[in-house]
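Since the structure comes first, as structure tokens, the remarks are kept for the end.
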Amino acid sequence: MWSARHIAVDTSTVLSRLRLACLNAAVLLLSSSIPVRAQAPQTVPEIDAHVTINHFMRTYLQVKDDRDEGASDQLSIGPSMQFYLKPLLRLKQITKFDLDDSKPRPLVLEGGYRYITAPNQPSTDRFEPVLTSHFPLKAGFLVSDRNRADLDWKSGKFNWRYRNKLTVERTFAIRSYHFIPYVAVEPYYVQKYEKWSTTDLYAGTLFPVGKLVQFSTYYEHENNTGTAPNQPKNYIGLVLELYFSRKLK
């Protein structure tokens with residue numbers, strides 16, 4: 001299996017370039033939507049490059065500044081493979097302006113690997129089994145239910161956590177342009193604390209641009225009760241999504 005441990009990674013340099021790429025791409029989208037706060041949220045950049053292989057299979061590579069569960073500055077990089085069921089007509093209708101071709105599928109099975117590295121910290125090998133369901137609602141709303149496990153090996157020790165992310169979204173139009181606001185909640189069950197210790201709340205928007213590029217900007221509030229006192233964190237997410245495909249018959 002491909003492993004990023006064979007690549008010399010300068011975490012600080014890669015994260016700086018990742019932030020710069022996402023900031024340059026999203027600055028016009030964010031300039032009118034981010035509120036001014038006394039304590040500015042941290043910026044979390046991400047790039048996802050998807051390649052559709054056939055009607056039932058897709059792969060993607062993710063590079064992300066991973067701050068999940070209150071983590072410090074760290075880089076997560078790795079591939080995933082997704083397997084689909086056939087699309088539903090109603091799901092296709094309400095997601096036709098979204099470039100993510102997994103959303104018209106009622107069920108998506110995914111397996112991924114992430115190599116996670118941070119300055120002056122041992123690296124982590126993470127395997128991510130994921131099962132996502134999509135449900136169409138009235139008035140054009142889409143509900144996504146993502147069930148994911150993070151299986152981590154770090155310094156010879158194994159830890160796991162379970163995450164359930166529930167997302168509600170709907171497409172809106174301004175003249176001929178379409179954009180997709182969404183809200184989501186994601187609680188974590190963390191093995192080392194033996195409890196549901198983290199909850200993330202999201203509010204964001206997807207911005208399709210042409211047929212290959214989609215931006216996502218979101219505000220995230222995270223509350224971590226794993227240790228005392230509680231550790232709330234706020235983030236601004238900047239995501240650049242790229243979608244490619246082979247010629248499908």
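Residues are referred to by chain and number: the chain letter is A, B, ... according to the order shown in the structure tokens, the number counts from 1 in that chain, and ligands are numbered separately from 1 in the order shown.
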
Per residue of region 95-213 of chain A within 12 Å of region 231-245 of chain A, which atom pair is closest and at what distance in Å (one decimal), using only C-alpha atoms, listed by chain and increasing number, as CSV?
```
residue,atom,partner,partner_atom,distance
A:Asp98,CA,A:Tyr243,CA,10.9
A:Leu99,CA,A:Tyr243,CA,7.1
A:Asp100,CA,A:Tyr243,CA,7.6
A:Asp101,CA,A:Tyr243,CA,9.0
A:Ser102,CA,A:Tyr243,CA,11.3
A:Ser197,CA,A:Gln231,CA,10.5
A:Thr198,CA,A:Gln231,CA,9.4
A:Thr199,CA,A:Pro232,CA,9.6
A:Asp200,CA,A:Lys233,CA,9.3
A:Leu201,CA,A:Asn234,CA,9.6
A:Tyr202,CA,A:Tyr235,CA,9.5
A:Ala203,CA,A:Ile236,CA,9.9
A:Gly204,CA,A:Gly237,CA,8.6
A:Thr205,CA,A:Leu238,CA,10.4
A:Leu206,CA,A:Val239,CA,9.2
A:Phe207,CA,A:Leu240,CA,9.8
A:Pro208,CA,A:Glu241,CA,9.2
A:Val209,CA,A:Glu241,CA,10.1
A:Gly210,CA,A:Tyr243,CA,10.4
A:Lys211,CA,A:Tyr243,CA,7.7
A:Leu212,CA,A:Tyr243,CA,4.9
A:Val213,CA,A:Leu242,CA,4.9
```

Mind writing the picked residues with C-alpha atoms as a PDB file, in the first residue's frame?
```pdb
ATOM      1  CA  ASP A  98     -23.115  19.729  -6.966  1.00  0.00           C
ATOM      2  CA  LEU A  99     -19.922  18.392  -8.591  1.00  0.00           C
ATOM      3  CA  ASP A 100     -19.645  15.587  -6.034  1.00  0.00           C
ATOM      4  CA  ASP A 101     -20.985  12.598  -7.948  1.00  0.00           C
ATOM      5  CA  SER A 102     -21.223  10.453  -4.796  1.00  0.00           C
ATOM      6  CA  SER A 197     -15.820  13.658  24.301  1.00  0.00           C
ATOM      7  CA  THR A 198     -15.910  15.929  21.240  1.00  0.00           C
ATOM      8  CA  THR A 199     -18.691  17.628  19.273  1.00  0.00           C
ATOM      9  CA  ASP A 200     -18.174  19.667  16.095  1.00  0.00           C
ATOM     10  CA  LEU A 201     -20.786  22.076  14.696  1.00  0.00           C
ATOM     11  CA  TYR A 202     -20.473  23.327  11.102  1.00  0.00           C
ATOM     12  CA  ALA A 203     -22.107  25.976   8.928  1.00  0.00           C
ATOM     13  CA  GLY A 204     -20.789  26.424   5.411  1.00  0.00           C
ATOM     14  CA  THR A 205     -21.434  26.763   1.698  1.00  0.00           C
ATOM     15  CA  LEU A 206     -20.310  24.918  -1.425  1.00  0.00           C
ATOM     16  CA  PHE A 207     -19.480  27.028  -4.486  1.00  0.00           C
ATOM     17  CA  PRO A 208     -19.322  25.079  -7.786  1.00  0.00           C
ATOM     18  CA  VAL A 209     -17.125  26.763 -10.429  1.00  0.00           C
ATOM     19  CA  GLY A 210     -17.342  25.212 -13.882  1.00  0.00           C
ATOM     20  CA  LYS A 211     -17.231  21.437 -14.259  1.00  0.00           C
ATOM     21  CA  LEU A 212     -14.004  20.597 -12.431  1.00  0.00           C
ATOM     22  CA  VAL A 213     -13.650  22.955  -9.456  1.00  0.00           C
TER      23      VAL A 213
END
```

Exercise for review: Compile the contact shell of region 62-73 of chain A as number ranges by chain: residues with an atom at most 6 Å away, counting only C-alpha atoms, same-chain residues fewer than 2 positions apart removed.
Suggested key: A: 44-48, 75-78

Practice item. State, in Å with one decimal place, the distance from CA of Pro87 (chain A) to CA of Phe56 (chain A). Key: 9.4 Å

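Put simply, CA of Lys154 (chain A) is 9.6 Å away from CA of Ile116 (chain A).
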
Skipping near chain neighbours, those fewer than 3 positions away, what residues fall within 10 Å of Ala139 (chain A) using only C-alpha atoms, listed as a short mmCIF file (atom, residue, chain, number, x, y, z; two decimals) with N, CA and C atoms, in the first residue's frame?
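Once everything was written out, this is selection-v7.cif:
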```
data_model
loop_
_atom_site.label_atom_id
_atom_site.label_comp_id
_atom_site.auth_asym_id
_atom_site.auth_seq_id
_atom_site.Cartn_x
_atom_site.Cartn_y
_atom_site.Cartn_z
N ILE A 94 -31.91 16.67 -6.99
CA ILE A 94 -31.61 17.71 -6.00
C ILE A 94 -30.12 17.98 -5.85
N PRO A 136 -33.00 11.97 0.30
CA PRO A 136 -33.68 13.18 -0.21
C PRO A 136 -34.88 13.51 0.66
N LEU A 142 -31.21 17.79 1.20
CA LEU A 142 -30.46 16.53 1.19
C LEU A 142 -29.89 16.31 2.58
N ARG A 170 -28.97 22.34 0.99
CA ARG A 170 -29.96 22.62 -0.07
C ARG A 170 -29.34 23.58 -1.07
#
```
